[in-house]
Amino acid sequence: METAFESVRDESRLAPGLYIVAGPIGNLGDLTPRAAEILRKADVVAVEDTRVSAKLLRAAGSDRPMVPYHDHSNDSLRQRLVDRMVGEAVALLSDAGTPLISDPGYKLVRDARAAGRFVTSLPGPSAAIVALTLSGLPTDRFLFMGFLSSKAKARGDALAEVAALRATLVLYESGPRLSASLAAMAEGLGDRDAAVVREISKTFEETVTGTLRELSARYADAPPRGEIVVIVGPPGEAPAASQEDADAALIEAMARLPVSKAAGEVAKALGLDRRELYARAMVLKG
């Protein structure tokens with residue numbers, strides 16, 4: 001026979017499945033009430049480091065059991081967690097911020113969805129987004145790149161891939177590697193405006209702005225401590241197309257299209273005046 005206590009407990013239980021919980025970046029006050037509730041009610045909490053997460057669970061008033069789950073976890077552990085989601089609520093918690101950002105936790109979400117499990121995510125802090133808002137650089141279009149490789153060639157190749165992208169870049173970095181990484185960015189991207197943001201939401205939060213070379217010099221002899229996010233502004237305006245560029249584009253377009261449509265295509269591609277291009281196209285054609 002069901003007791004009154006068991007009835008209340010059942011009503012407070014979470015539906016089985018996976019709950020992706022964003023934790024604080026630094027200040028424990030950033031943990032949302034909803035996140036704290038999930039951590040108190042989950043049947044098990046999958047964490048990167050039990051020592052780090054134990055402090056957060058205590059702050060949330062949670063006594064739920066923890067199981068280690070991180071980038072070195074094997075497939076069998078992931079499968080056991082997915083199996084538990086049949087009848088239990090599994091909370092996924094990273095050491096700081098939103099899980100799955102710059103870590104391979106997506107595999108747990110992928111496998112949970114493939115198995116038909118319920119999956120939800122609780123919005124919360126993310127160092128990448130907070131640093132972007134602090135940088136004073138364009139936020140309308142950005143690319144998160146995580147950590148660059150410590151190997152020079154791989155790092156150079158990664159930067160070459162995005163050098164022409166007209167977007168702000170967001171990267172994570174460590175103190176000892178910061179100066180060399182900033183210098184590599186200046187070499188591969190050009191000496192762009194940038195910001196180094198660290199210790200977000202903590203007592204010694206700091207945002208330092210300057211060009212990539214200026215920032216590299218600043219930290220060359222004094223590597224900073226703490227969690228670091230580097231924000232790199234987009235490239236400057238591309239130089240206007242030359243007459244030779246316009247002519248070459250018109251000739252190629254006219255080989256496929258009528259003059260009017262060719263002028264319109266080139267105008268859109270090069271950002272030039274359509275009427276002027278049409279007049280030039282008629283000269284070239286004549």
# chains A, B, ... in the order shown; residues from 1 in each chain; ligands from 1
$ select_by_dssp --residues "range 21-245 of chain A" --states "strand (DSSP E or B)" --output "ChimeraX atom specification"
/A:21,44-47,66-68,89-93,119-122,142-147,168-173,193-198,206-211,228-232
$ closest_atom_pairs --of "range 15-57 of chain A" --to "range 117-131 of chain A" --cutoff "7 Å" --atoms "only C-alpha atoms" --output "JSON lines"
{"residue": "A:Pro16", "atom": "CA", "partner": "A:Phe118", "partner_atom": "CA", "distance": 6.9}
{"residue": "A:Gly17", "atom": "CA", "partner": "A:Phe118", "partner_atom": "CA", "distance": 4.5}
{"residue": "A:Leu18", "atom": "CA", "partner": "A:Val119", "partner_atom": "CA", "distance": 4.7}
{"residue": "A:Tyr19", "atom": "CA", "partner": "A:Thr120", "partner_atom": "CA", "distance": 5.2}
{"residue": "A:Ile20", "atom": "CA", "partner": "A:Ser121", "partner_atom": "CA", "distance": 4.4}
{"residue": "A:Val21", "atom": "CA", "partner": "A:Leu122", "partner_atom": "CA", "distance": 5.3}
{"residue": "A:Ala22", "atom": "CA", "partner": "A:Gly124", "partner_atom": "CA", "distance": 4.9}
{"residue": "A:Gly23", "atom": "CA", "partner": "A:Pro125", "partner_atom": "CA", "distance": 6.7}
{"residue": "A:Pro24", "atom": "CA", "partner": "A:Pro125", "partner_atom": "CA", "distance": 6.1}
{"residue": "A:Ile25", "atom": "CA", "partner": "A:Pro125", "partner_atom": "CA", "distance": 6.4}
{"residue": "A:Ala35", "atom": "CA", "partner": "A:Leu122", "partner_atom": "CA", "distance": 6.7}
$ write_last_selection --atoms "N, CA and C atoms" --output "CSV table (one decimal), in the first residue's frame"
chain,number,residue,atom,x,y,z
A,16,PRO,N,12.5,10.0,-16.4
A,16,PRO,CA,13.7,9.4,-16.8
A,16,PRO,C,14.3,10.1,-18.0
A,17,GLY,N,15.6,10.1,-18.1
A,17,GLY,CA,16.2,10.7,-19.3
A,17,GLY,C,17.5,11.4,-18.9
A,18,LEU,N,18.0,12.2,-19.9
A,18,LEU,CA,19.3,12.9,-19.7
A,18,LEU,C,19.0,14.4,-19.5
A,19,TYR,N,19.6,15.0,-18.5
A,19,TYR,CA,19.4,16.4,-18.2
A,19,TYR,C,20.8,17.1,-18.2
A,20,ILE,N,21.0,17.9,-19.2
A,20,ILE,CA,22.3,18.6,-19.4
A,20,ILE,C,22.2,19.9,-18.5
A,21,VAL,N,23.1,20.0,-17.5
A,21,VAL,CA,23.0,21.0,-16.5
A,21,VAL,C,24.2,22.0,-16.6
A,22,ALA,N,23.9,23.2,-16.9
A,22,ALA,CA,25.0,24.3,-16.9
A,22,ALA,C,25.3,24.7,-15.5
A,23,GLY,N,26.5,24.6,-15.1
A,23,GLY,CA,26.9,25.0,-13.8
A,23,GLY,C,27.6,26.4,-13.8
A,24,PRO,N,28.0,26.9,-12.7
A,24,PRO,CA,28.7,28.2,-12.6
A,24,PRO,C,30.0,28.2,-13.3
A,25,ILE,N,30.5,29.3,-13.8
A,25,ILE,CA,31.8,29.4,-14.3
A,25,ILE,C,32.8,29.7,-13.2
A,35,ALA,N,18.5,24.6,-12.2
A,35,ALA,CA,19.7,23.7,-12.2
A,35,ALA,C,19.9,23.0,-10.9
$ closest_residue --among "A:Ala222, A:Ser201, A:Arg64, A:Glu161" --to "Leu31 in chain A" --atoms "only C-alpha atoms"
A:Ser201
$ select_by_dssp --residues "range 14-263 of chain A" --states "helix (DSSP H, G or I)" --output "JSON, numbers by chain"
{"A": [28, 29, 30, 33, 34, 35, 36, 37, 38, 39, 40, 41, 50, 51, 52, 53, 54, 55, 56, 57, 58, 59, 75, 76, 77, 78, 79, 80, 81, 82, 83, 84, 106, 107, 108, 109, 110, 111, 112, 113, 114, 127, 128, 129, 130, 131, 132, 133, 134, 135, 152, 153, 154, 155, 156, 157, 158, 159, 160, 161, 162, 178, 179, 180, 181, 182, 183, 184, 185, 186, 187, 188, 189, 212, 213, 214, 215, 216, 217, 218, 219, 220, 243, 244, 245, 246, 247, 248, 249, 250, 251, 252, 253, 254, 259, 260, 261, 262, 263]}
$ closest_residue --among "A:Glu276, A:Glu205, A:Asp30, A:Asp49" --to "Asp95 in chain A" --atoms "only C-alpha atoms"
A:Asp49
$ closest_residue --among "A:Lys268, A:Arg141, A:Lys55, A:Arg280" --to "Leu165 in chain A" --atoms "only C-alpha atoms"
A:Arg141
$ residues_around --residues "Arg177 in chain A" --least-positions-apart "5" --cutoff "9 Å" --atoms "only C-alpha atoms" --output "PyMOL selection string"
chain A and resi 150+182+223
$ atom_distance --atom1 "CA of Leu81 in chain A" --atom2 "CA of Ser12 in chain A"
21.6 Å
$ residues_around --residues "Leu137 in chain A" --least-positions-apart "5" --cutoff "12 Å" --atoms "only C-alpha atoms" --output "list in words"
Ala131, Leu132, Phe142, Ala167, Thr168, Leu169, Val170, Arg192, Asp193, Ala194, Ala195, Val196, Thr209, Gly210, Thr211, Val230, Ile231, Val232, Gly233, Pro234 and Pro235 of chain A
$ atom_distance --atom1 "CA of Arg274 in chain A" --atom2 "CA of Ala240 in chain A"
14.8 Å
$ closest_residue --among "A:Gly188, A:Leu134, A:Leu56, A:Asp157" --to "Glu206 in chain A" --atoms "only C-alpha atoms"
A:Leu134
$ residues_around --residues "Asp247 in chain A" --least-positions-apart "4" --cutoff "9 Å" --atoms "only C-alpha atoms" --output "ChimeraX atom specification"
/A:242-243,251-252,277,280-281,284
$ write_last_selection --atoms "N, CA, C and O atoms" --output "PDB file, in the first residue's frame"
ATOM      1  N   SER A 242      39.125  45.657 -58.305  1.00  0.00           N
ATOM      2  CA  SER A 242      39.765  46.506 -59.315  1.00  0.00           C
ATOM      3  C   SER A 242      39.002  46.413 -60.640  1.00  0.00           C
ATOM      4  O   SER A 242      38.144  45.541 -60.821  1.00  0.00           O
ATOM      5  N   GLN A 243      39.341  47.313 -61.581  1.00  0.00           N
ATOM      6  CA  GLN A 243      38.720  47.258 -62.905  1.00  0.00           C
ATOM      7  C   GLN A 243      39.030  45.938 -63.586  1.00  0.00           C
ATOM      8  O   GLN A 243      38.181  45.350 -64.259  1.00  0.00           O
ATOM      9  N   ILE A 251      33.416  39.107 -68.179  1.00  0.00           N
ATOM     10  CA  ILE A 251      33.681  38.243 -69.334  1.00  0.00           C
ATOM     11  C   ILE A 251      33.267  36.803 -69.040  1.00  0.00           C
ATOM     12  O   ILE A 251      32.641  36.126 -69.868  1.00  0.00           O
ATOM     13  N   GLU A 252      33.601  36.331 -67.825  1.00  0.00           N
ATOM     14  CA  GLU A 252      33.233  34.964 -67.460  1.00  0.00           C
ATOM     15  C   GLU A 252      31.720  34.813 -67.368  1.00  0.00           C
ATOM     16  O   GLU A 252      31.145  33.828 -67.864  1.00  0.00           O
ATOM     17  N   LEU A 277      28.339  48.493 -64.295  1.00  0.00           N
ATOM     18  CA  LEU A 277      28.816  47.221 -64.817  1.00  0.00           C
ATOM     19  C   LEU A 277      28.138  46.872 -66.139  1.00  0.00           C
ATOM     20  O   LEU A 277      28.770  46.317 -67.058  1.00  0.00           O
ATOM     21  N   ARG A 280      29.817  48.845 -68.800  1.00  0.00           N
ATOM     22  CA  ARG A 280      31.134  48.285 -69.081  1.00  0.00           C
ATOM     23  C   ARG A 280      31.014  46.991 -69.862  1.00  0.00           C
ATOM     24  O   ARG A 280      31.813  46.707 -70.778  1.00  0.00           O
ATOM     25  N   ALA A 281      30.000  46.176 -69.512  1.00  0.00           N
ATOM     26  CA  ALA A 281      29.801  44.915 -70.213  1.00  0.00           C
ATOM     27  C   ALA A 281      29.496  45.143 -71.685  1.00  0.00           C
ATOM     28  O   ALA A 281      29.960  44.395 -72.561  1.00  0.00           O
ATOM     29  N   LEU A 284      32.734  45.862 -73.407  1.00  0.00           N
ATOM     30  CA  LEU A 284      33.518  44.648 -73.571  1.00  0.00           C
ATOM     31  C   LEU A 284      32.940  43.759 -74.666  1.00  0.00           C
ATOM     32  O   LEU A 284      33.668  43.149 -75.445  1.00  0.00           O
TER      33      LEU A 284
END
$ atom_distance --atom1 "CA of Pro65 in chain A" --atom2 "CA of Asp43 in chain A"
7.3 Å
$ closest_residue --among "A:Arg256, A:Arg213, A:Lys41, A:Arg58" --to "Ala89 in chain A" --atoms "only C-alpha atoms"
A:Lys41
$ residues_around --residues "Arg275 in chain A" --least-positions-apart "6" --cutoff "9 Å" --atoms "only C-alpha atoms" --output "PyMOL selection string"
chain A and resi 263-264+267
$ residues_around --residues "Ala60 in chain A" --least-positions-apart "2" --cutoff "8 Å" --atoms "only C-alpha atoms" --output "PDB file with N, CA and C atoms, in the first residue's frame"
ATOM      1  N   ALA A  36      19.740  23.830  -9.782  1.00  0.00           N
ATOM      2  CA  ALA A  36      19.896  23.287  -8.430  1.00  0.00           C
ATOM      3  C   ALA A  36      18.830  22.238  -8.150  1.00  0.00           C
ATOM      4  N   GLU A  37      17.611  22.489  -8.614  1.00  0.00           N
ATOM      5  CA  GLU A  37      16.521  21.526  -8.406  1.00  0.00           C
ATOM      6  C   GLU A  37      16.811  20.215  -9.115  1.00  0.00           C
ATOM      7  N   LEU A  39      19.718  18.987  -9.881  1.00  0.00           N
ATOM      8  CA  LEU A  39      20.821  18.320  -9.183  1.00  0.00           C
ATOM      9  C   LEU A  39      20.347  17.661  -7.888  1.00  0.00           C
ATOM     10  N   ARG A  40      19.308  18.193  -7.284  1.00  0.00           N
ATOM     11  CA  ARG A  40      18.762  17.587  -6.063  1.00  0.00           C
ATOM     12  C   ARG A  40      17.878  16.374  -6.376  1.00  0.00           C
ATOM     13  N   LEU A  56      29.871  21.842  -5.684  1.00  0.00           N
ATOM     14  CA  LEU A  56      28.687  22.434  -6.293  1.00  0.00           C
ATOM     15  C   LEU A  56      27.421  21.726  -5.816  1.00  0.00           C
ATOM     16  N   LEU A  57      27.475  20.413  -5.713  1.00  0.00           N
ATOM     17  CA  LEU A  57      26.304  19.678  -5.245  1.00  0.00           C
ATOM     18  C   LEU A  57      25.958  20.061  -3.811  1.00  0.00           C
ATOM     19  N   ARG A  58      26.975  20.249  -2.975  1.00  0.00           N
ATOM     20  CA  ARG A  58      26.706  20.692  -1.596  1.00  0.00           C
ATOM     21  C   ARG A  58      26.038  22.059  -1.599  1.00  0.00           C
ATOM     22  N   SER A  62      22.338  19.145  -2.713  1.00  0.00           N
ATOM     23  CA  SER A  62      22.144  17.825  -3.309  1.00  0.00           C
ATOM     24  C   SER A  62      23.039  16.788  -2.654  1.00  0.00           C
TER      25      SER A  62
END
$ decode --residues "range 77-94 of chain A" --atoms "N, CA, C and O atoms" --output "mmCIF file, in the first residue's frame"
data_model
loop_
_atom_site.group_PDB
_atom_site.id
_atom_site.type_symbol
_atom_site.label_atom_id
_atom_site.label_comp_id
_atom_site.auth_asym_id
_atom_site.auth_seq_id
_atom_site.Cartn_x
_atom_site.Cartn_y
_atom_site.Cartn_z
ATOM 1 N N LEU A 77 31.003 2.676 -20.403
ATOM 2 C CA LEU A 77 30.454 3.557 -19.373
ATOM 3 C C LEU A 77 29.323 4.400 -19.956
ATOM 4 O O LEU A 77 28.276 4.574 -19.327
ATOM 5 N N ARG A 78 29.528 4.907 -21.153
ATOM 6 C CA ARG A 78 28.486 5.704 -21.805
ATOM 7 C C ARG A 78 27.227 4.867 -22.015
ATOM 8 O O ARG A 78 26.108 5.335 -21.779
ATOM 9 N N GLN A 79 27.405 3.621 -22.411
ATOM 10 C CA GLN A 79 26.250 2.751 -22.638
ATOM 11 C C GLN A 79 25.521 2.463 -21.329
ATOM 12 O O GLN A 79 24.285 2.404 -21.301
ATOM 13 N N ARG A 80 26.263 2.319 -20.236
ATOM 14 C CA ARG A 80 25.617 2.065 -18.940
ATOM 15 C C ARG A 80 24.758 3.253 -18.530
ATOM 16 O O ARG A 80 23.669 3.088 -17.976
ATOM 17 N N LEU A 81 25.258 4.454 -18.814
ATOM 18 C CA LEU A 81 24.470 5.647 -18.486
ATOM 19 C C LEU A 81 23.193 5.704 -19.333
ATOM 20 O O LEU A 81 22.114 6.019 -18.834
ATOM 21 N N VAL A 82 23.335 5.387 -20.623
ATOM 22 C CA VAL A 82 22.165 5.384 -21.507
ATOM 23 C C VAL A 82 21.156 4.338 -21.037
ATOM 24 O O VAL A 82 19.939 4.577 -21.038
ATOM 25 N N ASP A 83 21.644 3.177 -20.597
ATOM 26 C CA ASP A 83 20.751 2.129 -20.095
ATOM 27 C C ASP A 83 20.010 2.592 -18.843
ATOM 28 O O ASP A 83 18.816 2.299 -18.674
ATOM 29 N N ARG A 84 20.703 3.329 -17.984
ATOM 30 C CA ARG A 84 20.063 3.801 -16.758
ATOM 31 C C ARG A 84 18.945 4.794 -17.046
ATOM 32 O O ARG A 84 18.011 4.939 -16.258
ATOM 33 N N MET A 85 19.047 5.495 -18.185
ATOM 34 C CA MET A 85 18.036 6.502 -18.526
ATOM 35 C C MET A 85 16.666 5.896 -18.822
ATOM 36 O O MET A 85 15.686 6.619 -18.945
ATOM 37 N N VAL A 86 16.592 4.568 -18.914
ATOM 38 C CA VAL A 86 15.292 3.925 -19.119
ATOM 39 C C VAL A 86 14.370 4.228 -17.950
ATOM 40 O O VAL A 86 13.184 4.532 -18.128
ATOM 41 N N GLY A 87 14.911 4.162 -16.751
ATOM 42 C CA GLY A 87 14.076 4.384 -15.569
ATOM 43 C C GLY A 87 14.594 5.433 -14.615
ATOM 44 O O GLY A 87 13.984 5.663 -13.558
ATOM 45 N N GLU A 88 15.739 6.069 -14.949
ATOM 46 C CA GLU A 88 16.333 7.035 -14.035
ATOM 47 C C GLU A 88 16.632 8.356 -14.741
ATOM 48 O O GLU A 88 16.822 8.395 -15.956
ATOM 49 N N ALA A 89 16.710 9.415 -13.938
ATOM 50 C CA ALA A 89 17.099 10.733 -14.437
ATOM 51 C C ALA A 89 18.601 10.892 -14.228
ATOM 52 O O ALA A 89 19.087 10.829 -13.105
ATOM 53 N N VAL A 90 19.321 11.083 -15.333
ATOM 54 C CA VAL A 90 20.773 11.255 -15.281
ATOM 55 C C VAL A 90 21.093 12.713 -15.586
ATOM 56 O O VAL A 90 20.743 13.222 -16.659
ATOM 57 N N ALA A 91 21.754 13.399 -14.661
ATOM 58 C CA ALA A 91 22.177 14.785 -14.882
ATOM 59 C C ALA A 91 23.629 14.781 -15.346
ATOM 60 O O ALA A 91 24.466 14.084 -14.769
ATOM 61 N N LEU A 92 23.925 15.548 -16.383
ATOM 62 C CA LEU A 92 25.297 15.683 -16.893
ATOM 63 C C LEU A 92 25.823 17.045 -16.475
ATOM 64 O O LEU A 92 25.236 18.074 -16.811
ATOM 65 N N LEU A 93 26.938 17.068 -15.754
ATOM 66 C CA LEU A 93 27.484 18.303 -15.190
ATOM 67 C C LEU A 93 28.965 18.395 -15.503
ATOM 68 O O LEU A 93 29.713 17.439 -15.289
ATOM 69 N N SER A 94 29.428 19.540 -16.028
ATOM 70 C CA SER A 94 30.860 19.739 -16.276
ATOM 71 C C SER A 94 31.476 20.461 -15.081
ATOM 72 O O SER A 94 30.775 20.905 -14.176
#
